[in-house]
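Structure below is target.txt: compact mmCIF, C-alpha atoms.
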# COMPACT_ATOMS: atom_id res chain seq x y z
CA MET B 272 12.97 -39.70 -35.67
CA GLN B 273 12.42 -41.25 -32.28
CA LYS B 274 8.83 -42.23 -31.64
CA LYS B 275 7.31 -40.82 -28.49
CA SER B 276 6.77 -43.44 -25.82
CA TYR B 277 3.70 -41.60 -24.47
CA THR B 278 0.92 -39.31 -25.57
CA TRP B 279 -0.46 -36.11 -24.10
CA ARG B 280 -3.39 -38.16 -22.89
CA ASP B 281 -0.99 -40.36 -20.87
CA MET B 282 0.60 -37.26 -19.43
CA GLU B 283 -2.73 -35.71 -18.44
CA SER B 284 -3.89 -38.99 -16.96
CA GLU B 285 -0.71 -39.28 -14.91
CA LEU B 286 -1.09 -35.70 -13.66
CA ARG B 287 -4.63 -36.46 -12.50
CA HIS B 288 -3.73 -39.77 -10.88
CA SER B 289 -0.57 -38.62 -9.13
CA THR B 290 -2.28 -35.68 -7.42
CA PRO B 291 -1.65 -36.05 -3.67
CA LYS B 292 -4.74 -37.31 -1.88
CA LEU B 293 -6.52 -35.04 0.57
CA ARG B 294 -5.88 -35.98 4.18
CA GLU B 295 -8.19 -35.53 7.15
CA ALA B 296 -8.54 -32.02 8.54
CA ASN B 297 -6.10 -31.15 11.31
CA PRO B 298 -8.37 -30.38 14.33
CA MET B 299 -5.70 -28.30 16.06
CA ARG B 300 -5.43 -25.95 13.13
CA VAL B 301 -9.20 -25.72 12.80
CA ASP B 302 -9.56 -24.99 16.52
CA ALA B 303 -6.89 -22.31 16.30
CA VAL B 304 -8.70 -20.66 13.41
CA CYS B 305 -12.06 -20.83 15.17
CA ALA B 306 -10.54 -19.32 18.32
CA ARG B 307 -9.19 -16.48 16.23
CA MET B 308 -12.56 -16.00 14.54
CA ALA B 309 -14.20 -15.70 17.96
CA ALA B 310 -12.03 -12.69 18.69
CA GLU B 311 -13.08 -11.06 15.43
CA PRO B 312 -16.13 -8.80 15.17
CA PRO B 313 -19.03 -10.66 13.51
CA ALA B 314 -18.99 -10.73 9.74
CA HIS B 315 -22.07 -8.96 8.45
CA ALA B 316 -23.52 -9.29 5.00
CA SER B 317 -23.79 -6.03 3.18
CA ALA B 318 -27.38 -4.83 2.94
CA ARG B 319 -27.29 -4.84 -0.81
CA SER B 320 -26.32 -7.62 -3.19
CA PRO B 321 -23.08 -7.38 -5.26
CA ALA B 322 -25.16 -6.86 -8.42
CA LEU B 323 -27.03 -3.97 -6.84
CA GLY B 324 -23.72 -2.49 -5.73
CA LYS B 325 -22.49 -2.56 -9.32
CA HIS B 326 -25.63 -0.82 -10.56
CA LEU B 327 -25.32 1.84 -7.87
CA ALA B 328 -21.68 2.41 -8.74
CA ARG B 329 -22.56 2.79 -12.43
CA ALA B 330 -25.39 5.24 -11.64
CA ALA B 331 -23.08 7.28 -9.42
CA ALA B 332 -20.42 7.33 -12.16
CA CYS B 333 -22.99 8.51 -14.75
CA MET B 334 -24.22 11.26 -12.43
CA ALA B 335 -20.68 12.40 -11.72
CA LEU B 336 -19.92 12.47 -15.46
CA ALA B 337 -23.09 14.43 -16.26
CA PHE B 338 -22.41 16.92 -13.47
CA SER B 339 -18.80 17.40 -14.62
CA LEU B 340 -19.95 17.94 -18.21
CA ALA B 341 -22.58 20.49 -17.17
CA LEU B 342 -20.07 22.34 -15.00
CA TYR B 343 -17.52 22.36 -17.82
CA LEU B 344 -20.04 23.74 -20.33
CA ARG B 345 -21.19 26.43 -17.90
CA LEU B 346 -17.64 27.54 -17.12
CA THR B 347 -16.42 27.60 -20.71
CA SER B 348 -19.37 28.81 -22.83
CA SER B 349 -21.56 31.05 -20.63
CA PRO B 350 -19.19 33.94 -19.77
CA ALA B 351 -18.00 34.25 -23.36
CA THR B 352 -21.55 34.40 -24.71
CA HIS B 353 -22.66 36.98 -22.18
CA SER B 354 -19.61 39.16 -22.64
CA ALA B 355 -20.03 39.03 -26.43
CA GLU B 356 -23.68 40.05 -26.13
CA LEU B 357 -22.86 42.93 -23.77
CA ALA B 358 -20.02 44.16 -25.97
CA ASP B 359 -22.40 44.63 -28.92
CA LEU B 360 -24.90 46.67 -26.88
CA PRO B 361 -24.67 50.40 -26.14
CA ALA B 362 -23.63 51.34 -22.61
CA GLU B 363 -27.09 52.48 -21.48
CA VAL B 364 -28.76 49.32 -22.75
CA ALA B 365 -26.05 47.24 -21.20
CA SER B 366 -26.61 48.85 -17.82
CA VAL B 367 -30.36 48.31 -18.11
CA TRP B 368 -29.71 44.70 -19.17
CA SER B 369 -27.45 44.22 -16.15
CA SER B 370 -30.07 45.64 -13.78
CA VAL B 371 -32.74 43.48 -15.36
CA LYS B 372 -30.58 40.41 -15.03
CA ALA B 373 -29.77 41.21 -11.43
CA ALA B 374 -33.40 41.89 -10.52
CA PRO B 375 -35.05 39.20 -8.44
CA ASP B 376 -38.45 39.58 -10.21
CA LEU B 377 -37.57 39.40 -13.87
CA ASP B 378 -41.18 39.36 -15.17
CA ALA B 379 -42.11 42.60 -13.40
CA GLN B 380 -38.96 44.33 -14.62
CA LEU B 381 -39.58 43.24 -18.20
CA THR B 382 -43.22 44.39 -18.06
CA THR B 383 -42.13 47.82 -16.88
CA GLU B 384 -39.54 48.04 -19.62
CA VAL B 385 -42.14 47.05 -22.25
CA GLU B 386 -44.51 49.75 -20.98
CA ASN B 387 -41.72 52.34 -21.05
CA LEU B 388 -40.75 51.36 -24.58
CA THR B 389 -44.37 51.54 -25.76
CA SER B 390 -44.73 54.98 -24.23
CA ASP B 391 -41.49 56.11 -25.87
CA PHE B 392 -42.64 54.80 -29.25
CA ASP B 393 -45.96 56.66 -28.87
CA LYS B 394 -44.17 59.94 -28.10
CA LEU B 395 -41.79 59.39 -31.01
CA THR B 396 -44.68 58.71 -33.39
CA ILE B 397 -46.51 61.89 -32.28
CA ALA B 398 -43.33 63.94 -32.69
CA ILE B 399 -42.67 62.58 -36.20
CA ASN B 400 -46.27 63.21 -37.23
CA ASN B 401 -46.11 66.81 -35.95
CA ARG B 402 -42.88 67.42 -37.84
CA ALA B 403 -44.23 65.82 -41.01
CA LEU B 404 -47.36 68.02 -40.90
CA ALA B 405 -45.18 71.04 -40.22
CA LEU B 406 -43.22 70.33 -43.44
CA LEU B 407 -46.43 70.00 -45.46
CA PHE B 408 -48.07 73.14 -44.15
CA MET R 96 -21.23 -18.63 3.81
CA ARG R 97 -24.70 -17.10 3.98
CA ALA R 98 -24.93 -18.14 7.64
CA VAL R 99 -21.46 -16.70 8.30
CA ALA R 100 -22.42 -13.47 6.56
CA ALA R 101 -25.57 -13.37 8.71
CA GLY R 102 -23.33 -13.26 11.79
CA ASP R 103 -23.17 -17.00 12.69
CA ALA R 104 -19.47 -17.43 13.51
CA GLN R 105 -19.96 -21.15 14.37
CA ALA R 106 -21.02 -21.87 10.80
CA PHE R 107 -17.50 -20.99 9.72
CA ARG R 108 -16.12 -24.05 11.53
CA ALA R 109 -17.53 -26.43 8.90
CA ILE R 110 -15.97 -24.30 6.16
CA ALA R 111 -12.63 -24.16 7.99
CA GLU R 112 -12.63 -27.97 8.40
CA ALA R 113 -13.38 -28.56 4.75
CA LEU R 114 -10.78 -26.06 3.60
CA GLU R 115 -7.91 -27.13 5.85
CA PRO R 116 -6.66 -30.21 3.93
CA ARG R 117 -7.30 -28.60 0.56
CA LEU R 118 -5.46 -25.37 1.35
CA ASP R 119 -2.65 -27.35 2.97
CA ARG R 120 -2.20 -29.41 -0.21
CA PHE R 121 -2.43 -26.24 -2.35
CA PHE R 122 0.24 -24.42 -0.32
CA ALA R 123 2.46 -27.52 -0.22
CA GLN R 124 2.47 -27.72 -4.01
CA PHE R 125 3.94 -24.23 -4.17
CA GLY R 126 6.81 -24.89 -1.83
CA VAL R 127 5.41 -23.48 1.43
CA THR R 128 6.91 -25.15 4.50
CA ALA R 129 4.64 -26.98 6.97
CA ALA R 130 5.01 -24.30 9.67
CA ASP R 131 4.20 -21.52 7.24
CA ARG R 132 1.28 -23.48 5.80
CA ALA R 133 -0.48 -23.24 9.18
CA ASP R 134 0.00 -19.47 9.23
CA LEU R 135 -1.18 -19.07 5.64
CA TYR R 136 -4.22 -21.22 6.38
CA GLN R 137 -5.13 -19.03 9.35
CA GLU R 138 -4.62 -15.84 7.40
CA SER R 139 -6.68 -17.15 4.47
CA CYS R 140 -9.54 -18.17 6.78
CA LEU R 141 -9.46 -14.79 8.49
CA ARG R 142 -9.75 -13.00 5.16
CA LEU R 143 -12.54 -15.29 4.00
CA TYR R 144 -14.41 -14.63 7.24
CA ARG R 145 -14.03 -10.87 6.89
CA ALA R 146 -15.08 -10.99 3.25
CA ALA R 147 -18.09 -13.25 3.88
CA GLY R 148 -20.47 -10.36 3.22
CA SER R 149 -19.10 -9.81 -0.27
CA TYR R 150 -19.35 -13.47 -1.32
CA ASP R 151 -21.67 -13.95 -4.29
CA ALA R 152 -23.64 -17.14 -3.55
CA THR R 153 -24.39 -17.65 -7.25
CA ARG R 154 -20.71 -18.45 -7.89
CA PRO R 155 -18.86 -21.60 -6.78
CA PHE R 156 -17.21 -21.31 -3.38
CA LEU R 157 -13.94 -23.17 -3.86
CA PRO R 158 -12.49 -20.99 -6.67
CA TRP R 159 -13.36 -17.92 -4.58
CA ALA R 160 -11.64 -19.40 -1.51
CA LEU R 161 -8.57 -20.39 -3.54
CA THR R 162 -8.40 -16.90 -5.06
CA VAL R 163 -8.10 -15.46 -1.55
CA ALA R 164 -5.62 -18.16 -0.45
CA ARG R 165 -3.52 -17.62 -3.58
CA ARG R 166 -3.22 -13.90 -2.84
CA VAL R 167 -2.21 -14.63 0.74
CA MET R 168 0.43 -17.06 -0.55
CA LEU R 169 1.76 -14.60 -3.14
CA ASN R 170 2.15 -11.95 -0.44
CA TRP R 171 4.03 -14.49 1.69
CA HIS R 172 6.35 -15.32 -1.23
CA ARG R 173 6.99 -11.63 -1.86
CA ALA R 174 7.85 -11.04 1.79
CA LEU R 175 10.31 -13.96 1.67
CA LYS R 176 12.14 -12.75 -1.41
CA PRO R 177 15.72 -12.03 -0.30
CA GLU R 178 17.11 -8.62 -1.10
CA VAL R 179 20.85 -8.65 -1.74
CA PRO R 180 22.92 -5.52 -2.41
CA LEU R 181 24.28 -5.50 -5.96
CA GLU R 182 27.90 -5.50 -4.71
CA GLU R 183 27.32 -8.72 -2.76
CA ALA R 184 25.22 -10.47 -5.39
CA GLU R 185 28.21 -12.16 -7.07
CA ASN R 186 29.22 -13.88 -3.84
CA TRP R 187 25.69 -14.96 -2.97
CA PRO R 188 25.46 -18.77 -2.75
CA ALA R 189 23.29 -20.58 -5.25
CA PRO R 190 20.11 -22.09 -3.77
CA GLN R 191 20.66 -25.63 -2.56
CA ARG R 192 18.18 -28.44 -2.84
CA GLY R 193 16.89 -29.70 0.48
CA PRO R 194 17.40 -33.33 1.46
CA GLY R 195 13.75 -34.11 0.69
CA GLU R 196 14.02 -32.63 -2.77
CA ALA R 197 16.82 -34.84 -4.04
CA ALA R 198 14.56 -37.19 -5.93
CA GLU R 199 11.49 -36.46 -8.01
CA SER R 200 9.03 -39.07 -6.94
CA ASP R 201 6.20 -38.18 -9.25
CA LEU R 202 5.28 -36.13 -12.30
CA TRP R 203 4.17 -33.14 -10.20
CA GLN R 204 7.62 -32.80 -8.64
CA PHE R 205 9.18 -33.15 -12.07
CA ALA R 206 6.88 -30.42 -13.42
CA ARG R 207 7.57 -28.11 -10.48
CA ARG R 208 11.32 -28.32 -11.09
CA ARG R 209 11.20 -27.91 -14.86
CA LEU R 210 8.36 -25.48 -15.55
CA PRO R 211 8.01 -21.78 -14.78
CA ALA R 212 5.85 -21.14 -11.70
CA GLU R 213 3.08 -19.65 -13.83
CA SER R 214 2.80 -22.79 -16.00
CA PHE R 215 2.98 -25.10 -13.01
CA GLU R 216 0.22 -23.16 -11.26
CA LEU R 217 -2.10 -23.50 -14.25
CA LEU R 218 -1.42 -27.23 -14.54
CA TRP R 219 -2.08 -27.67 -10.83
CA LEU R 220 -5.36 -25.77 -10.93
CA CYS R 221 -6.47 -27.76 -13.99
CA TYR R 222 -5.38 -31.31 -13.08
CA GLY R 223 -4.77 -31.07 -9.33
CA GLU R 224 -7.78 -29.01 -8.27
CA ARG R 225 -9.85 -30.10 -11.32
CA PHE R 226 -10.99 -26.55 -12.09
CA GLU R 227 -12.57 -25.57 -15.39
CA PRO R 228 -10.72 -22.96 -17.47
CA ALA R 229 -13.32 -20.33 -16.52
CA GLU R 230 -12.69 -21.02 -12.84
CA ILE R 231 -8.92 -20.89 -13.35
CA ALA R 232 -9.43 -17.57 -15.13
CA ALA R 233 -11.32 -16.24 -12.10
CA VAL R 234 -8.64 -17.44 -9.68
CA THR R 235 -5.67 -16.10 -11.66
CA GLY R 236 -7.30 -12.92 -12.97
CA ARG R 237 -7.02 -13.83 -16.66
CA THR R 238 -9.52 -14.35 -19.45
CA GLY R 239 -10.76 -17.84 -20.29
CA VAL R 240 -9.12 -17.79 -23.72
CA HIS R 241 -5.80 -16.70 -22.22
CA VAL R 242 -5.97 -19.55 -19.72
CA ARG R 243 -6.63 -22.10 -22.49
CA VAL R 244 -3.66 -20.81 -24.48
CA LEU R 245 -1.36 -20.83 -21.44
CA LEU R 246 -2.54 -24.33 -20.48
CA TYR R 247 -1.73 -25.61 -23.96
CA ARG R 248 1.75 -24.08 -23.74
CA ALA R 249 2.28 -25.50 -20.24
CA ARG R 250 1.36 -29.01 -21.42
CA ALA R 251 3.65 -28.63 -24.43
CA ALA R 252 6.49 -27.42 -22.21
CA LEU R 253 6.03 -30.37 -19.85
CA ALA R 254 6.00 -32.84 -22.76
CA ARG R 255 9.15 -31.22 -24.14
CA ALA R 256 10.87 -31.42 -20.75
CA LEU R 257 9.94 -35.11 -20.45
CA GLU R 258 11.34 -35.82 -23.91
CA GLN R 259 14.57 -33.94 -23.20
CA ALA R 260 15.03 -35.75 -19.90
CA GLY R 261 14.16 -39.07 -21.52
CA GLU R 262 11.77 -39.70 -18.67
CA THR R 263 9.14 -42.36 -19.09
CA ARG R 264 8.99 -43.73 -15.55
CA TYR R 265 6.36 -41.16 -14.53
CA LEU R 266 4.10 -42.24 -17.36
CA LYS R 267 3.36 -45.75 -16.31
CA ARG R 268 0.29 -47.29 -17.92
CA ARG R 269 -2.61 -47.73 -15.55

The structure given in the file should be rewritten as structure tokens.
Amino acid sequence: MQKKSYTWRDMESELRHSTPKLREANPMRVDAVCARMAAEPPAHASARSPALGKHLARAAACMALAFSLALYLRLTSSPATHSAELADLPAEVASVWSSVKAAPDLDAQLTTEVENLTSDFDKLTIAINNRALALLF
Amino acid sequence: MRAVAAGDAQAFRAIAEALEPRLDRFFAQFGVTAADRADLYQESCLRLYRAAGSYDATRPFLPWALTVARRVMLNWHRALKPEVPLEEAENWPAPQRGPGEAAESDLWQFARRRLPAESFELLWLCYGERFEPAEIAAVTGRTGVHVRVLLYRARAALARALEQAGETRYLKRR
């Protein structure tokens, strides 16, 4: 086997040493570039640092994700739940439930309904008692 | 670059002066002609000037500048790529070496002829520009580990090419 006449270190050293040397800057080219820069609008630094920009982008992405998730859950689960609830209720109760839901002042509507129900239960209790006494006597 | 970003256009002159020989050497290594090197230098400076506001002062300047210049050069190479209809491709002449390319005067020319452009670029950034692997990774858009692996392969490929060519004249002892 033929022995190598050089090592990788020789090769790396030669690559470093044979790199073309840097010459002086060409003033004509520099002047041409500067003349072109003068015609450009001034370069302004952005008001925020790159790191802050990254944080803002992440926050915006999180908010967009959360909003999308909330919208998705509302669109998929809410109508099904409500329709299932309404389907189990009698028609009269469902209409009352709809009017209650549509009412702007929900507390007042519910208070009225509670009072009506209490009154109905009172009347029902009196009627049952009267009937029961009628059976006994 | 902070002064440039603050709106001081004159501050860019010092940057342009410092960059001119370095970008010229960089473009020359990748086969850009002298006339085109002036255009690429102007275009690179223009992009650097426009992007001054996005420069992160905590990072080294030169790798950032070379990243921009490299993209400008790649776009130039893409625009130059000849498009030949498939029917005419068989009769298309093979690329000829220019008169100045007849001899390989140093190891860099030898490497440019024998290695793929990707390997040559990594060797140049490592030994020509003296960049660290992390800086090369930033310039070429790779990870540091990937750059180390590719550099190892590029060195191995160059050593293999030297062996096959029986070349020892480039490796003179210093």

**Message:** Within 7 Å of chain B, which residues belong to chain R? Use only C-alpha atoms and report them as a ChimeraX atom specification.
**Reply:** /R:99-102,104,108,111-112,115-117,133,137,141,144-145,147-149,151,201-203,222-223,266

Polymer residues at most 9 Å from (-8.9, -18.3, -8.8) by all atoms listed in the file, as a PDB file with C-alpha atoms, in the frame of the given file:
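What follows is the written file selection.pdb:
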ATOM      1  CA  LEU R 157     -13.940 -23.170  -3.860  1.00  0.00           C
ATOM      2  CA  PRO R 158     -12.490 -20.990  -6.670  1.00  0.00           C
ATOM      3  CA  TRP R 159     -13.360 -17.920  -4.580  1.00  0.00           C
ATOM      4  CA  ALA R 160     -11.640 -19.400  -1.510  1.00  0.00           C
ATOM      5  CA  LEU R 161      -8.570 -20.390  -3.540  1.00  0.00           C
ATOM      6  CA  THR R 162      -8.400 -16.900  -5.060  1.00  0.00           C
ATOM      7  CA  VAL R 163      -8.100 -15.460  -1.550  1.00  0.00           C
ATOM      8  CA  ALA R 164      -5.620 -18.160  -0.450  1.00  0.00           C
ATOM      9  CA  ARG R 165      -3.520 -17.620  -3.580  1.00  0.00           C
ATOM     10  CA  LEU R 220      -5.360 -25.770 -10.930  1.00  0.00           C
ATOM     11  CA  GLU R 230     -12.690 -21.020 -12.840  1.00  0.00           C
ATOM     12  CA  ILE R 231      -8.920 -20.890 -13.350  1.00  0.00           C
ATOM     13  CA  ALA R 232      -9.430 -17.570 -15.130  1.00  0.00           C
ATOM     14  CA  ALA R 233     -11.320 -16.240 -12.100  1.00  0.00           C
ATOM     15  CA  VAL R 234      -8.640 -17.440  -9.680  1.00  0.00           C
ATOM     16  CA  THR R 235      -5.670 -16.100 -11.660  1.00  0.00           C
ATOM     17  CA  GLY R 236      -7.300 -12.920 -12.970  1.00  0.00           C
TER      18      GLY R 236
END

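Going from atom CA of Trp219 of chain R over to atom CA of Val242 of chain R, you cover 12.7 Å.
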
**Message:** Which residues are near Ala251 of chain R? Cut-off 12 Å, all atoms listed in the file, ignore same chain within fewer than 3 positions. Put them as an MDAnalysis selection string.
**Reply:** (chainID B and resid 278:280 282:283) or (chainID R and resid 206 210 214:215 218 244:248 254:258)

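Of note, atom CA of Ala328 of chain B and atom CA of Ala146 of chain R are spaced 19.2 Å apart.
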